[in-house]
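Comments concern the structure below.
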Amino acid sequence: MNPSKQRMAQARVLVVGDAMLDRYWHGAVERISPEAPVPVVHVTREEERIGGAANVAYNVATLGAQASFLGVVGDDEPGQRLESLLTGTGIRTHLKRDPGLRTTVKLRVIGRQQQLLRMDFENEPDHEVLELQSGEFAALLPQQDAVLFSDYGKGGLAHIPRMIETARAASKPVLIDPKGSDYGRYRGASVITPNRAELQDVVGRWHGEEDLKQRAHRLREELGLEALLVTRSEEGMTLFDAQGELYVKAQAREVFDVTGAGDTVIATLAAMVAAGLSIRDAVPIANRAGGIVVGKFGTATVSYEELFA
């Protein structure tokens with residue numbers, strides 16, 4: 001069951017989380033530095049892309065749904081750049097500025113089509129600014145069909161338990177891409193989407209499918225979740241819900257770059273749920289989107305036409 005393009009255009013998703021700016025410096029590598037055994041990159045092209053949770057909102061928008069993004073940035077050049085990139089893509093942008101915050105920037109140096117180095121610039125936002133974000137969240141909530149929290153562990157979701165409670169009280173589906181080992185803060189969400197390694201950090205290493213099944217359902221019940229979706233790279237993904245398990249095989253295609261594939265999966269899941277599909281019906285479509293995006297370079301997105309071609 002695929003939602004029509006018209007239905008998708010009416011679906012509204014609010015994405016909340018850690019905003020980032022991805023910068024790429026591309027260049028030629030022709031020699032090793034005389035100062036140290038490292039390659040010298042002659043930078044010939046610079047590129048900027050929407051990153052982090054903001055990239056999740058971008059994925060929602062490229063699918064043809066209505067995306068809103070709520071996050072905190074610094075009062076700095078990367079923050080202004082990120083805002084202009086977001087508004088330029090048609091995303092309804094609600095950025096809170098924290099003068100003490102350095103907008104998170106991930107700078108990647110690319111030579112010979114390979115990432116040679118990544119430099120991260122970041123710190124944590126102020127709690128007063130996060131309070132303002134919580135207030136804006138409550139104001140934006142009534143106009144949404146689904147809420148997606150994209151947690152990158154950068155401090156932008158310090159008040160997530162209260163926001164989940166507010167969204168669930170308003171009967172809004174809540175989807176979460178989790179981070180860290182404290183999943184108690186995601187209690188009451190509709191679905192969380194950890195990858196294999198992230199889930200192991202929380203429930204421990206499992207021994208076979210039956211053991212995974214028991215641990216996954218136990219976690220789902222403990223946290224009061226409707227569903228738990230585990231993304232398992234080449235093993236596809238498995239949904240654990242009240243009906244049992246739904247296993248979806250990985251899409252067989254050339255893997256070029258897995259960067260941002262998790263963003264695409266949860267963004268597609270949220271857009272489909274906002275368009276009226278159940279989580280179960282949305283999972284195979286999200287899996288297909290993840291399969292398409294790994295065939296592209298860098299944090300990429302998928303269009304409605306690519307997904308339903």
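Labels used: A, B, ... for chains in the order of the structure tokens, numbers from 1 for residues in each chain, and numbers from 1 for ligands as shown.
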A:Ala139 surroundings by only C-alpha atoms, 12 Å radius, close-in-sequence under 6 positions cut, as a PDB file with N, CA and C atoms, in the first residue's frame:
ATOM      1  N   LEU A  14       6.947  16.907  12.167  1.00  0.00           N
ATOM      2  CA  LEU A  14       7.820  17.816  12.911  1.00  0.00           C
ATOM      3  C   LEU A  14       9.050  17.030  13.362  1.00  0.00           C
ATOM      4  N   LEU A  70      12.727  21.802  14.304  1.00  0.00           N
ATOM      5  CA  LEU A  70      12.934  22.572  15.530  1.00  0.00           C
ATOM      6  C   LEU A  70      14.263  22.150  16.144  1.00  0.00           C
ATOM      7  N   HIS A  94      12.399  26.376  12.549  1.00  0.00           N
ATOM      8  CA  HIS A  94      12.208  27.032  13.850  1.00  0.00           C
ATOM      9  C   HIS A  94      13.490  26.821  14.656  1.00  0.00           C
ATOM     10  N   LEU A 132      12.981  27.286  25.907  1.00  0.00           N
ATOM     11  CA  LEU A 132      12.279  28.002  24.830  1.00  0.00           C
ATOM     12  C   LEU A 132      11.862  27.024  23.739  1.00  0.00           C
ATOM     13  N   GLN A 133      12.757  26.054  23.448  1.00  0.00           N
ATOM     14  CA  GLN A 133      12.470  25.046  22.429  1.00  0.00           C
ATOM     15  C   GLN A 133      11.259  24.209  22.827  1.00  0.00           C
ATOM     16  N   MET A 163       8.581  16.299  26.230  1.00  0.00           N
ATOM     17  CA  MET A 163       8.039  16.506  24.877  1.00  0.00           C
ATOM     18  C   MET A 163       7.311  15.249  24.385  1.00  0.00           C
ATOM     19  N   THR A 166       3.924  15.231  26.091  1.00  0.00           N
ATOM     20  CA  THR A 166       3.040  16.237  25.479  1.00  0.00           C
ATOM     21  C   THR A 166       2.480  15.716  24.152  1.00  0.00           C
ATOM     22  N   ALA A 167       3.352  15.112  23.333  1.00  0.00           N
ATOM     23  CA  ALA A 167       2.923  14.604  22.024  1.00  0.00           C
ATOM     24  C   ALA A 167       1.952  13.440  22.161  1.00  0.00           C
ATOM     25  N   ALA A 170      -1.459  14.400  23.112  1.00  0.00           N
ATOM     26  CA  ALA A 170      -2.178  14.964  21.967  1.00  0.00           C
ATOM     27  C   ALA A 170      -2.449  13.896  20.891  1.00  0.00           C
TER      28      ALA A 170
END
Polymer residues at most 7 Å from A:Gly236, only C-alpha atoms, same-chain spacing of 5 or more positions, as a PDB file with N, CA, C and O atoms, in the first residue's frame:
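File produced: result-v4.pdb:
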ATOM      1  N   THR A 231      17.430  -1.823  12.910  1.00  0.00           N
ATOM      2  CA  THR A 231      18.045  -1.834  11.582  1.00  0.00           C
ATOM      3  C   THR A 231      19.340  -2.622  11.675  1.00  0.00           C
ATOM      4  O   THR A 231      20.143  -2.410  12.570  1.00  0.00           O
ATOM      5  N   VAL A 248      12.264  -7.854   7.430  1.00  0.00           N
ATOM      6  CA  VAL A 248      12.358  -7.375   6.046  1.00  0.00           C
ATOM      7  C   VAL A 248      13.802  -7.503   5.595  1.00  0.00           C
ATOM      8  O   VAL A 248      14.721  -7.008   6.246  1.00  0.00           O
ATOM      9  N   LYS A 249      14.003  -8.191   4.476  1.00  0.00           N
ATOM     10  CA  LYS A 249      15.362  -8.405   3.945  1.00  0.00           C
ATOM     11  C   LYS A 249      15.967  -7.118   3.423  1.00  0.00           C
ATOM     12  O   LYS A 249      15.254  -6.258   2.910  1.00  0.00           O
ATOM     13  N   ALA A 250      17.304  -7.024   3.502  1.00  0.00           N
ATOM     14  CA  ALA A 250      18.004  -5.866   2.937  1.00  0.00           C
ATOM     15  C   ALA A 250      17.799  -5.856   1.432  1.00  0.00           C
ATOM     16  O   ALA A 250      17.689  -6.905   0.798  1.00  0.00           O
TER      17      ALA A 250
END
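In this comparison, which uses only C-alpha atoms, the residue of A:Leu116, A:Leu63, A:Ile32, A:Leu85 approaching A:Glu305 most closely is A:Leu63.
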Quiz item: Excluding same-chain residues fewer than 4 positions from A:Pro194, what lies within 12 Å of it counting only C-alpha atoms, as a PyMOL selection string?
Solution: chain A and resi 150-152+175-181+183+186+198-203+216+219+227-233+237-240+262-263+265-266
Take the selection from the previous step and output its residues with N, CA, C and O atoms, as a compact mmCIF listing (two decimals), in the first residue's frame.
# COMPACT_ATOMS: atom_id res chain seq x y z
N SER A 150 15.20 13.12 16.51
CA SER A 150 16.46 12.56 16.01
C SER A 150 17.57 12.93 16.99
O SER A 150 18.01 14.07 17.03
N ASP A 151 17.98 11.95 17.81
CA ASP A 151 18.92 12.20 18.89
C ASP A 151 20.34 11.86 18.44
O ASP A 151 20.65 10.71 18.15
N TYR A 152 21.19 12.87 18.37
CA TYR A 152 22.59 12.66 18.02
C TYR A 152 23.50 12.78 19.25
O TYR A 152 24.71 12.81 19.14
N LEU A 175 8.14 9.05 16.79
CA LEU A 175 9.21 8.16 16.30
C LEU A 175 10.55 8.70 16.77
O LEU A 175 10.78 9.91 16.74
N ILE A 176 11.43 7.80 17.22
CA ILE A 176 12.70 8.25 17.77
C ILE A 176 13.87 7.45 17.22
O ILE A 176 13.88 6.21 17.25
N ASP A 177 14.89 8.19 16.74
CA ASP A 177 16.18 7.60 16.41
C ASP A 177 17.05 7.82 17.65
O ASP A 177 17.45 8.95 17.92
N PRO A 178 17.31 6.76 18.43
CA PRO A 178 17.92 6.94 19.75
C PRO A 178 19.44 7.04 19.75
O PRO A 178 20.11 6.72 18.77
N LYS A 179 19.97 7.48 20.89
CA LYS A 179 21.42 7.57 21.09
C LYS A 179 21.74 7.24 22.54
O LYS A 179 20.96 7.53 23.43
N GLY A 180 22.92 6.67 22.78
CA GLY A 180 23.35 6.39 24.16
C GLY A 180 22.70 5.14 24.72
O GLY A 180 22.01 4.40 24.01
N SER A 181 22.88 4.91 26.01
CA SER A 181 22.37 3.67 26.60
C SER A 181 21.19 3.89 27.56
O SER A 181 20.65 2.96 28.10
N TYR A 183 17.74 4.44 27.53
CA TYR A 183 16.52 4.48 26.72
C TYR A 183 15.29 4.82 27.56
O TYR A 183 14.20 5.00 27.03
N TYR A 186 13.14 7.67 26.54
CA TYR A 186 12.26 7.54 25.37
C TYR A 186 10.95 6.84 25.72
O TYR A 186 10.19 6.47 24.82
N GLU A 198 23.67 -0.25 18.53
CA GLU A 198 23.03 0.59 19.55
C GLU A 198 22.15 -0.25 20.46
O GLU A 198 22.13 -0.05 21.69
N LEU A 199 21.42 -1.21 19.89
CA LEU A 199 20.55 -2.06 20.71
C LEU A 199 21.39 -2.94 21.64
O LEU A 199 21.03 -3.15 22.80
N GLN A 200 22.51 -3.45 21.14
CA GLN A 200 23.38 -4.29 21.97
C GLN A 200 23.91 -3.53 23.18
O GLN A 200 24.06 -4.10 24.26
N ASP A 201 24.17 -2.24 23.02
CA ASP A 201 24.63 -1.42 24.14
C ASP A 201 23.60 -1.34 25.25
O ASP A 201 23.93 -1.11 26.41
N VAL A 202 22.32 -1.53 24.89
CA VAL A 202 21.24 -1.39 25.86
C VAL A 202 20.79 -2.73 26.43
O VAL A 202 20.60 -2.87 27.64
N VAL A 203 20.62 -3.75 25.58
CA VAL A 203 20.09 -5.04 26.05
C VAL A 203 21.16 -6.12 26.19
O VAL A 203 20.88 -7.23 26.63
N ALA A 216 14.29 -7.95 22.84
CA ALA A 216 13.63 -6.83 22.17
C ALA A 216 12.22 -6.61 22.72
O ALA A 216 11.83 -5.48 23.02
N LEU A 219 12.35 -5.14 26.25
CA LEU A 219 12.65 -3.71 26.23
C LEU A 219 11.41 -2.92 25.79
O LEU A 219 11.08 -1.88 26.39
N ALA A 227 6.23 -0.20 19.26
CA ALA A 227 7.11 -1.02 18.42
C ALA A 227 8.57 -0.65 18.60
O ALA A 227 8.90 0.45 19.04
N LEU A 228 9.42 -1.62 18.25
CA LEU A 228 10.87 -1.42 18.25
C LEU A 228 11.35 -1.90 16.89
O LEU A 228 11.09 -3.04 16.49
N LEU A 229 12.00 -1.02 16.13
CA LEU A 229 12.50 -1.39 14.81
C LEU A 229 14.03 -1.43 14.86
O LEU A 229 14.66 -0.40 15.09
N VAL A 230 14.60 -2.61 14.65
CA VAL A 230 16.06 -2.75 14.70
C VAL A 230 16.59 -2.81 13.26
O VAL A 230 16.23 -3.69 12.49
N THR A 231 17.43 -1.82 12.91
CA THR A 231 18.05 -1.83 11.58
C THR A 231 19.34 -2.62 11.67
O THR A 231 20.14 -2.41 12.57
N ARG A 232 19.52 -3.57 10.72
CA ARG A 232 20.60 -4.56 10.87
C ARG A 232 21.50 -4.63 9.64
O ARG A 232 21.97 -5.68 9.25
N SER A 233 21.76 -3.48 9.00
CA SER A 233 22.58 -3.36 7.78
C SER A 233 22.28 -4.45 6.77
O SER A 233 21.17 -4.58 6.33
N MET A 237 16.04 -5.45 8.34
CA MET A 237 15.54 -4.87 9.59
C MET A 237 14.42 -5.74 10.16
O MET A 237 13.75 -6.47 9.42
N THR A 238 14.25 -5.66 11.49
CA THR A 238 13.21 -6.44 12.15
C THR A 238 12.38 -5.53 13.03
O THR A 238 12.91 -4.75 13.82
N LEU A 239 11.06 -5.62 12.85
CA LEU A 239 10.11 -4.87 13.68
C LEU A 239 9.57 -5.80 14.76
O LEU A 239 9.13 -6.92 14.46
N PHE A 240 9.61 -5.34 16.00
CA PHE A 240 9.03 -6.08 17.12
C PHE A 240 7.85 -5.27 17.64
O PHE A 240 8.01 -4.12 18.05
N GLY A 262 20.45 5.74 8.16
CA GLY A 262 19.52 5.68 9.29
C GLY A 262 18.56 6.87 9.28
O GLY A 262 17.37 6.74 9.61
N ASP A 263 19.07 8.05 8.87
CA ASP A 263 18.23 9.25 8.75
C ASP A 263 17.12 9.02 7.73
O ASP A 263 15.96 9.37 7.95
N VAL A 265 15.87 6.13 6.67
CA VAL A 265 14.93 5.10 7.13
C VAL A 265 13.88 5.70 8.05
O VAL A 265 12.67 5.54 7.83
N ILE A 266 14.31 6.44 9.09
CA ILE A 266 13.32 6.95 10.05
C ILE A 266 12.49 8.09 9.45
O ILE A 266 11.31 8.22 9.74
Quiz prompt | Nearest-residue call for A:Arg108, choices A:Gly27, A:Gly224, A:Gly244, A:Pro173, using only C-alpha atoms | solution =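 Among A:Gly27, A:Gly224, A:Gly244, A:Pro173, it is A:Gly27 that comes nearest to A:Arg108.
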Exercise. Tell me, as a ChimeraX atom specification, which residues lie within 10 Å of A:Gln80, counting only C-alpha atoms; anything in the same chain fewer than 5 positions away does not count.
Key: /A:73-75,85-86,95,97,103
List every residue of stretch 169-243 of chain A that DSSP, applied to the backbone of this structure, assigns to strand (DSSP E or B), and report them as a CSV table (one decimal) with N, CA, C and O atoms, in the first residue's frame.
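Result saved to states_26.csv:
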chain,number,residue,atom,x,y,z
A,174,VAL,N,4.9,9.2,17.8
A,174,VAL,CA,6.2,9.7,18.1
A,174,VAL,C,7.3,8.7,17.7
A,174,VAL,O,7.2,7.5,18.2
A,175,LEU,N,8.1,9.0,16.8
A,175,LEU,CA,9.2,8.2,16.3
A,175,LEU,C,10.5,8.7,16.8
A,175,LEU,O,10.8,9.9,16.7
A,176,ILE,N,11.4,7.8,17.2
A,176,ILE,CA,12.7,8.2,17.8
A,176,ILE,C,13.9,7.5,17.2
A,176,ILE,O,13.9,6.2,17.2
A,177,ASP,N,14.9,8.2,16.7
A,177,ASP,CA,16.2,7.6,16.4
A,177,ASP,C,17.1,7.8,17.6
A,177,ASP,O,17.4,9.0,17.9
A,191,VAL,N,7.5,4.3,18.4
A,191,VAL,CA,8.6,3.4,17.9
A,191,VAL,C,9.9,4.1,18.0
A,191,VAL,O,10.1,5.3,17.9
A,192,ILE,N,10.9,3.2,18.4
A,192,ILE,CA,12.3,3.7,18.4
A,192,ILE,C,13.1,2.8,17.4
A,192,ILE,O,12.7,1.7,17.2
A,195,ASN,N,20.0,0.9,15.7
A,195,ASN,CA,20.7,-0.1,14.8
A,195,ASN,C,21.2,-1.3,15.7
A,195,ASN,O,21.0,-1.2,17.0
A,227,ALA,N,6.2,-0.2,19.3
A,227,ALA,CA,7.1,-1.0,18.4
A,227,ALA,C,8.6,-0.6,18.6
A,227,ALA,O,8.9,0.5,19.0
A,228,LEU,N,9.4,-1.6,18.2
A,228,LEU,CA,10.9,-1.4,18.2
A,228,LEU,C,11.4,-1.9,16.9
A,228,LEU,O,11.1,-3.0,16.5
A,229,LEU,N,12.0,-1.0,16.1
A,229,LEU,CA,12.5,-1.4,14.8
A,229,LEU,C,14.0,-1.4,14.9
A,229,LEU,O,14.7,-0.4,15.1
A,230,VAL,N,14.6,-2.6,14.7
A,230,VAL,CA,16.1,-2.8,14.7
A,230,VAL,C,16.6,-2.8,13.3
A,230,VAL,O,16.2,-3.7,12.5
A,231,THR,N,17.4,-1.8,12.9
A,231,THR,CA,18.0,-1.8,11.6
A,231,THR,C,19.3,-2.6,11.7
A,231,THR,O,20.1,-2.4,12.6
A,237,MET,N,16.0,-5.4,8.3
A,237,MET,CA,15.5,-4.9,9.6
A,237,MET,C,14.4,-5.7,10.2
A,237,MET,O,13.8,-6.5,9.4
A,238,THR,N,14.3,-5.7,11.5
A,238,THR,CA,13.2,-6.4,12.2
A,238,THR,C,12.4,-5.5,13.0
A,238,THR,O,12.9,-4.7,13.8
A,239,LEU,N,11.1,-5.6,12.9
A,239,LEU,CA,10.1,-4.9,13.7
A,239,LEU,C,9.6,-5.8,14.8
A,239,LEU,O,9.1,-6.9,14.5
A,240,PHE,N,9.6,-5.3,16.0
A,240,PHE,CA,9.0,-6.1,17.1
A,240,PHE,C,7.9,-5.3,17.6
A,240,PHE,O,8.0,-4.1,18.0
A,241,ASP,N,6.6,-5.8,17.6
A,241,ASP,CA,5.5,-5.1,18.1
A,241,ASP,C,4.5,-6.1,18.7
A,241,ASP,O,4.9,-7.3,18.9
